[in-house]
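Visitor: Below is the structure I would like to discuss, written out as structure tokens.
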Amino acid sequence: MQSNLSVLLRNPLAGVFVVLVVIFVLSSLISPYFLTSYNMTVLARGLAFVGLVTIGQSMLMVLGELDLSLGVNGGLCGVMAGVFMVQLGFNPALALGLAIAFGAFLGLINGLLVTMLRLHSLVLTIGTAGIFGGANLVLTRGVAITGIPTSVQFLGRGDVLGIPVPFVIMLAALFIAGFVMLKTPFGRYMYAIGNNPQAARMLGIKVDRVRLILFVVAGALAGLAGVLMVARLGTAQPSIGDTWVLAPIAASVIGGVATTGGVGSPIGAIFGAGIIAMIENIIVLFGVSPYWQGIVSGAIVVLAISFDAISRRYLRRDLA
Amino acid sequence: MKRLAMLLACAAFALPIAVKAEDAAGTTKKDTYRFVIVPKVVHPWFDKVNNGAKAAAAALKAQTGANIEITYSAPQAADVVQQNQILDSALATRPDGLAVDLLDPSGNRASLEEAQGQKIPLVLFDSVPPEGMNITYIGSDFCEQAKIAARRLVKLLDGKGEVAIMMGVPTAPNHSIRAECHRKVFAENPGIKVVAEGIDNDSIQTAQQQAAAIMQAHPDLKGWVASDASGPTGIGQAIIEAGKQGKVALVGLDNMPEMLDMIRNGVADSSSASQPEMQGYWSVMMLWAQATGAPVPNYIDTGNAFLTKENVGN
């Protein structure tokens with residue numbers, strides 16, 4: 001029995017999962033509105049969009065890379081979906097597919113620059129974020145593209161057996177990412193590169209190819225998030241993605257992904273994103289003053305990661 | 001038998017009165033009401049709206065004895081995605097009413113439809129409803145407010161010179177309406193040339209940066225108008241930093257303390273001001289009326305005030 005508990009607590013996801021459960025239970029006890037089916041839907045839908053970007057960002061972080069352009073990539077892909085559907089009159093399915101492919105293309109640009117020119121991904125993507133965000137403004141002049149066909153709005157507003165469609169899509173993406181990272185040789189290559197790229201190269205792992213693939217995948221996931229948000233809003237807003245820059249990085253770190261690479265998984269990152277989404281939700285449910293929101297949400301995040309770190313240290317020591 | 005007949009007669013007389021009282025609009029009564037106010041963004045202009053809302057809550061409590069709770073939930077950034085997230089979370093608390101300043105009518109539509117689906121009373125302030133949606137909205141005539149400012153600038157410049165427009169949040173309907181009406185007034189005056197338009201996204205810092213850059217690029221610029229409350233403050237700072245006070249005219253918007261100071265100091269000539277406290281006040285009144293079952297008007301005009309050095313006070 002103690003052995004099973006020991007195995008459970010030694011799991012790197014145990015700490016963040018416990019924090020997630022504690023916040024969930026406390027919120028349920030304190031607010032009568034938290035555990036309603038409607039609020040659960042609101043939470044799931046809100047988590048889905050930033051969750052997709054978080055999956056991509058956390059995979060890059062495991063590799064030891066960061067892409068700060070993923071948020072604006074998602075926004076630009078949303079706008080491109082609007083351009084394809086409304087201004088160019090493309091079939092909606094084709095338009096959405098093209099917009100997601102465009103996100104992958106933007107990721108490819110980042111990946112090529114990182115691998116070919118040996119640029120630091122953090123610095124490079126600050127620059128490309130400016131370019132992608134600027135392109136967004138050039139295309140829209142700051143004005144949303146309206147007239148998105150209602151046929152695509154099911155992807156953002158609809159549900160499957162009461163579960164929001166974007167959340168189902170996010171879960172599917174998480175399952176695939178988790179499977180690849182934890183169960184395939186490609187996933188093992190990712191951890192090897194994240195731990196020591198030189199050693200990985202000496203072992204014969206095609207480091208640059210893996211990097212390139214992951215930048216493309218992260219770009220496509222950001223594009224998917226942007227497209228789904230357009231389906232949710234019914235307009236292609238130039239501001240889509242503005243809040244998807246730091247939140248996925250914070251979620252990944254809360255979820256146990258090391259910024260130095262080689263540690264963590266998208267599953268932990270989604271737990272982290274869940275904690276952030278719950279904090280944002282309960283702040284409104286509890287009617288916290290907007291001027292106190294930063295302090296309250298920041299304090300909860302600090303408490304959460306402190307609890308995670310302390311519990312790991314003490315529980316592992318006790319159970320050793 | 002006679003007593004029974006009398007009882008029946010009394011009941012027959014009383015019934016229509018009772019039915020009428022039960023059916024009468026605005027007679028539903030509760031001891032407590034909770035109204036949620038969701039502005040565009042955290043901003044001092046919306047604090048004034050919140051103050052007005054609280055004043056209305058106090059007035060209703062004094063007059064009716066009911067407890068009116070005002071919950072103020074503002075997005076940290078002027079982002080429609082974040083605002084929808086707040087609206088959806090606020091709906092989960094089943095409030096007695098929701099007053100919203102829409103960032104974008106089309107982008108906010110799904111959340112508003114959700115509120116209507118849940119039969120939660122809705123009021124919009126400082127913005128107009130999405131096309132085809134019947135929601136009471138409260139505000140001033142945005143176009144007229146902008147025209148007052150633009151006409152004043154034209155008058156200050158004797159009908160000739162280069163001018164610039166600060167657009168605020170381009171997707172916000174009130175900001176875009178004001179920008180469009182500025183353009184209309186300038187187009188009516190052939191001597192006036194609009195040489196630049198900035199986007200400040202309702203941020204004083206962005207407005208200052210945009211205004212500084214535009215004045216660098218257009219050294220002959222003679223005047224500014226703005227479409228949001230943050231714009232004039234940023235423009236005023238840029239004018240002071242560029243040493244162009246007295247050379248570049250500024251006709252501002254709204255009645256923020258910084259705006260009033262700039263009028264007093266002569267950095268700005270005047271301001272065409274909406275009345276945020278009144279918008280908050282009547283938002284709560286309209287929500288309360290709806291919650292009691294009373295019919296409400298489609299639109300309430302809270303009017304504009306024109307502020308100059310003469311009437312702005314100390």
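Please note that chains go A, B, ... in the order of the structure tokens, that every chain numbers its residues from 1, and that ligands are numbered from 1 in the order shown.
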With a distance cut-off of 10 Å and only C-alpha atoms, select the neighbouring residues of Val312 in chain B, excluding the residue or stretch itself and same-chain residues fewer than 4 positions from it, and output the selection as a short mmCIF file (atom, residue, chain, number, x, y, z; two decimals) with all heavy atoms, in the first residue's frame.
Guide:
```cif
data_model
loop_
_atom_site.label_atom_id
_atom_site.label_comp_id
_atom_site.auth_asym_id
_atom_site.auth_seq_id
_atom_site.Cartn_x
_atom_site.Cartn_y
_atom_site.Cartn_z
N ASN B 255 -13.96 63.40 -19.37
CA ASN B 255 -13.68 64.30 -18.23
C ASN B 255 -12.78 63.65 -17.19
O ASN B 255 -13.00 63.80 -15.99
CB ASN B 255 -15.00 64.75 -17.58
CG ASN B 255 -15.83 63.57 -17.11
OD1 ASN B 255 -15.51 62.42 -17.39
ND2 ASN B 255 -16.89 63.85 -16.37
N LEU B 260 -8.95 67.28 -17.40
CA LEU B 260 -9.34 68.56 -16.80
C LEU B 260 -8.09 69.38 -16.46
O LEU B 260 -8.07 70.60 -16.66
CB LEU B 260 -10.18 68.31 -15.53
CG LEU B 260 -11.45 67.47 -15.72
CD1 LEU B 260 -12.22 67.36 -14.42
CD2 LEU B 260 -12.33 68.02 -16.82
N ASP B 261 -7.04 68.70 -15.96
CA ASP B 261 -5.79 69.40 -15.64
C ASP B 261 -5.19 70.02 -16.90
O ASP B 261 -4.67 71.14 -16.86
CB ASP B 261 -4.76 68.43 -15.03
CG ASP B 261 -5.03 68.22 -13.54
OD1 ASP B 261 -5.78 69.04 -12.97
OD2 ASP B 261 -4.51 67.24 -12.98
N ILE B 263 -6.72 71.01 -19.52
CA ILE B 263 -7.50 72.20 -19.92
C ILE B 263 -7.10 73.38 -19.03
O ILE B 263 -6.86 74.49 -19.51
CB ILE B 263 -9.02 71.92 -19.83
CG1 ILE B 263 -9.43 70.86 -20.86
CG2 ILE B 263 -9.82 73.20 -20.07
CD1 ILE B 263 -10.86 70.38 -20.74
N ARG B 264 -6.97 73.13 -17.74
CA ARG B 264 -6.59 74.20 -16.81
C ARG B 264 -5.19 74.74 -17.13
O ARG B 264 -4.95 75.94 -17.06
CB ARG B 264 -6.59 73.66 -15.37
CG ARG B 264 -7.96 73.36 -14.83
CD ARG B 264 -7.91 72.98 -13.34
NE ARG B 264 -9.16 72.36 -12.94
CZ ARG B 264 -9.32 71.05 -12.68
NH1 ARG B 264 -8.30 70.23 -12.75
NH2 ARG B 264 -10.50 70.59 -12.35
N SER B 270 -9.99 72.25 -24.88
CA SER B 270 -11.32 71.92 -24.37
C SER B 270 -11.53 70.41 -24.48
O SER B 270 -10.67 69.68 -24.97
CB SER B 270 -12.38 72.65 -25.20
OG SER B 270 -12.13 72.42 -26.57
N SER B 271 -12.69 69.96 -24.05
CA SER B 271 -13.02 68.53 -24.16
C SER B 271 -14.51 68.34 -24.35
O SER B 271 -15.33 69.03 -23.74
CB SER B 271 -12.56 67.79 -22.90
OG SER B 271 -12.86 66.42 -23.02
N PHE B 306 -19.61 70.09 -22.81
CA PHE B 306 -18.44 70.69 -23.47
C PHE B 306 -17.65 71.47 -22.41
O PHE B 306 -18.15 72.44 -21.83
CB PHE B 306 -18.87 71.62 -24.61
CG PHE B 306 -17.71 72.14 -25.39
CD1 PHE B 306 -16.88 71.29 -26.10
CD2 PHE B 306 -17.42 73.50 -25.41
CE1 PHE B 306 -15.79 71.76 -26.80
CE2 PHE B 306 -16.32 73.98 -26.11
CZ PHE B 306 -15.51 73.11 -26.81
N LEU B 307 -16.43 71.01 -22.13
CA LEU B 307 -15.63 71.56 -21.04
C LEU B 307 -14.54 72.48 -21.58
O LEU B 307 -13.78 72.09 -22.47
CB LEU B 307 -14.97 70.42 -20.24
CG LEU B 307 -15.93 69.34 -19.71
CD1 LEU B 307 -15.15 68.20 -19.08
CD2 LEU B 307 -16.88 69.95 -18.69
N THR B 308 -14.49 73.69 -21.03
CA THR B 308 -13.43 74.63 -21.39
C THR B 308 -12.82 75.18 -20.10
O THR B 308 -13.29 74.87 -19.01
CB THR B 308 -14.00 75.82 -22.21
OG1 THR B 308 -14.93 76.52 -21.37
CG2 THR B 308 -14.69 75.35 -23.48
#
```
Visitor: Restrict the distance test to only C-alpha atoms, flag each residue of chain B within 8 Å of chain A, and return the flagged residues as a PyMOL selection string.
Guide: chain B and resi 42+71-76+79-82+85-86+88-90+92-94+106-110+169-171
Visitor: Give me, as a PyMOL selection string, all polymer residues having an atom no more than 6 Å from Ser58 in chain A, counting only C-alpha atoms and skipping those fewer than 4 positions away in the same chain.
Guide: chain A and resi 54+252+266
Visitor: Emit the selected residues as a PDB file, in the first residue's frame, including C-alpha atoms.
Guide:
```pdb
ATOM      1  CA  THR A  54       0.380  25.351 -24.085  1.00  0.00           C
ATOM      2  CA  SER A 252       4.191  24.784 -18.462  1.00  0.00           C
ATOM      3  CA  PRO A 266       2.369  18.529 -22.017  1.00  0.00           C
TER       4      PRO A 266
END
```
Visitor: How would you write, as number ranges by chain, the set of residues in range 130-166 of chain A that DSSP gives as alpha helix (DSSP H)?
Guide: A: 130-140, 154-157, 165-166
Visitor: Store the residues picked out above, limited to C-alpha atoms, as a short mmCIF file (atom, residue, chain, number, x, y, z; two decimals), in the first residue's frame.
Guide:
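Wrote it out as part04.cif, contents follow:
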```
data_model
loop_
_atom_site.label_atom_id
_atom_site.label_comp_id
_atom_site.auth_asym_id
_atom_site.auth_seq_id
_atom_site.Cartn_x
_atom_site.Cartn_y
_atom_site.Cartn_z
CA GLY A 130 6.64 41.61 -34.00
CA ILE A 131 6.51 40.69 -37.70
CA PHE A 132 3.48 38.38 -37.35
CA GLY A 133 1.66 40.91 -35.14
CA GLY A 134 2.46 43.69 -37.60
CA ALA A 135 1.16 41.59 -40.50
CA ASN A 136 -2.04 41.10 -38.52
CA LEU A 137 -2.50 44.87 -38.23
CA VAL A 138 -1.64 45.44 -41.90
CA LEU A 139 -4.27 42.90 -42.94
CA THR A 140 -7.01 44.13 -40.61
CA PHE A 154 -20.03 24.75 -34.21
CA LEU A 155 -16.29 24.22 -33.83
CA GLY A 156 -16.08 27.05 -31.31
CA ARG A 157 -19.53 27.13 -29.74
CA VAL A 165 -15.92 20.97 -29.03
CA PRO A 166 -12.69 23.02 -28.57
#
```
Visitor: Rank B:Gly117, B:Gly139, B:Gly313, B:Pro39 by their smallest atom-to-atom distance to Tyr299 in chain B, using only C-alpha atoms, and report the top residue only.
Guide: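 Comparing B:Gly117, B:Gly139, B:Gly313, B:Pro39 against Tyr299 in chain B, the winner is B:Gly139.
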Visitor: Write down as a PyMOL selection string the residues belonging to range 15-259 of chain A that are assigned strand (DSSP E or B) by DSSP computed on the backbone.
Guide: chain A and resi 145+159-160+163-164+236
Visitor: So that I can see what lies close to range 214-223 of chain A, please list as a ChimeraX atom specification the residues with an atom at most 7 Å from it, counting only C-alpha atoms and leaving out residues fewer than 3 positions away in the same chain.
Guide: /A:52-53,56-57,60,70-71,73-74,77,99-101,103-108,110-111,210-211,226-227
Visitor: Tell me which protein, DNA and RNA residues are within 7 Å of Asp301 in chain B, counting only C-alpha atoms, leaving out same-chain ones fewer than 3 positions away, and put them as JSON, numbers by chain.
Guide: {"B": [138, 139, 140, 141]}
Visitor: Nearest to Leu287 in chain B among B:Met133, B:Val267, B:Ala99, B:Ile192, with distances taken over only C-alpha atoms: which residue is it?
Guide: B:Ala99
Visitor: Could you tell me how far CA of Val18 in chain A sits from CA of Asp308 in chain A, in Å to one decimal place?
Guide: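 Between CA of Asp308 in chain A and CA of Val18 in chain A the gap works out to 8.2 Å.
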Visitor: Neighbours of Met190 in chain A within 8 Å (only C-alpha atoms; same-chain residues fewer than 5 positions away dropped), as a PyMOL selection string?
Guide: chain A and resi 62-63+181+210+262
Visitor: Deliver the residues from the most recent selection as a file, using C-alpha atoms, as a PDB file, in the first residue's frame.
Guide:
```
ATOM      1  CA  VAL A  62      11.133  20.091 -23.191  1.00  0.00           C
ATOM      2  CA  LEU A  63      13.471  20.508 -26.139  1.00  0.00           C
ATOM      3  CA  MET A 181       6.461  12.035 -26.025  1.00  0.00           C
ATOM      4  CA  VAL A 210      13.457  17.139 -34.376  1.00  0.00           C
ATOM      5  CA  GLY A 262      14.642  17.778 -20.754  1.00  0.00           C
TER       6      GLY A 262
END
```
Visitor: Please provide the set of residues having any atom within 7 Å of Ile235 in chain B, restricted to only C-alpha atoms, with same-chain residues fewer than 3 positions apart removed, written as a VMD selection string.
Guide: chain B and resid 207 to 208 211 231 to 232 238 to 239
Visitor: Using only N, CA and C atoms, please write the residues we just selected to a file, as a PDB file, in the first residue's frame.
Guide:
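Saved the output as out-v1.pdb:
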```
ATOM      1  N   ALA B 207      -0.792  55.905 -26.642  1.00  0.00           N
ATOM      2  CA  ALA B 207      -1.210  57.181 -27.246  1.00  0.00           C
ATOM      3  C   ALA B 207      -0.043  58.162 -27.282  1.00  0.00           C
ATOM      4  N   GLN B 208       0.728  58.197 -26.188  1.00  0.00           N
ATOM      5  CA  GLN B 208       1.867  59.117 -26.122  1.00  0.00           C
ATOM      6  C   GLN B 208       2.900  58.753 -27.196  1.00  0.00           C
ATOM      7  N   ALA B 211       1.445  59.506 -30.704  1.00  0.00           N
ATOM      8  CA  ALA B 211       1.360  60.953 -30.952  1.00  0.00           C
ATOM      9  C   ALA B 211       2.754  61.530 -31.185  1.00  0.00           C
ATOM     10  N   GLY B 231      -6.597  58.613 -25.095  1.00  0.00           N
ATOM     11  CA  GLY B 231      -5.895  59.293 -26.179  1.00  0.00           C
ATOM     12  C   GLY B 231      -5.448  60.704 -25.833  1.00  0.00           C
ATOM     13  N   PRO B 232      -6.363  61.586 -25.384  1.00  0.00           N
ATOM     14  CA  PRO B 232      -5.959  62.978 -25.147  1.00  0.00           C
ATOM     15  C   PRO B 232      -4.852  63.108 -24.109  1.00  0.00           C
ATOM     16  N   ALA B 238       2.716  64.011 -25.100  1.00  0.00           N
ATOM     17  CA  ALA B 238       3.601  64.098 -26.277  1.00  0.00           C
ATOM     18  C   ALA B 238       3.788  65.557 -26.695  1.00  0.00           C
ATOM     19  N   ILE B 239       2.719  66.347 -26.606  1.00  0.00           N
ATOM     20  CA  ILE B 239       2.808  67.780 -26.976  1.00  0.00           C
ATOM     21  C   ILE B 239       3.783  68.497 -26.035  1.00  0.00           C
TER      22      ILE B 239
END
```
Visitor: What is the CA of Pro257 in chain B-CA of Ala59 in chain B distance in Å, reported with one decimal?
Guide: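 Distance between the two atoms: 25.5 Å.
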Visitor: So what do you get for CA of Gly234 in chain B versus CA of Met262 in chain B, distance-wise?
Guide: 11.0 Å
Visitor: Would you please work out which residue, of A:Phe17, A:Met80, A:Glu65, A:Phe186, is nearest to Ala95 in chain A when using only C-alpha atoms?
Guide: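 Among the listed residues, the smallest separation from Ala95 in chain A belongs to A:Met80.
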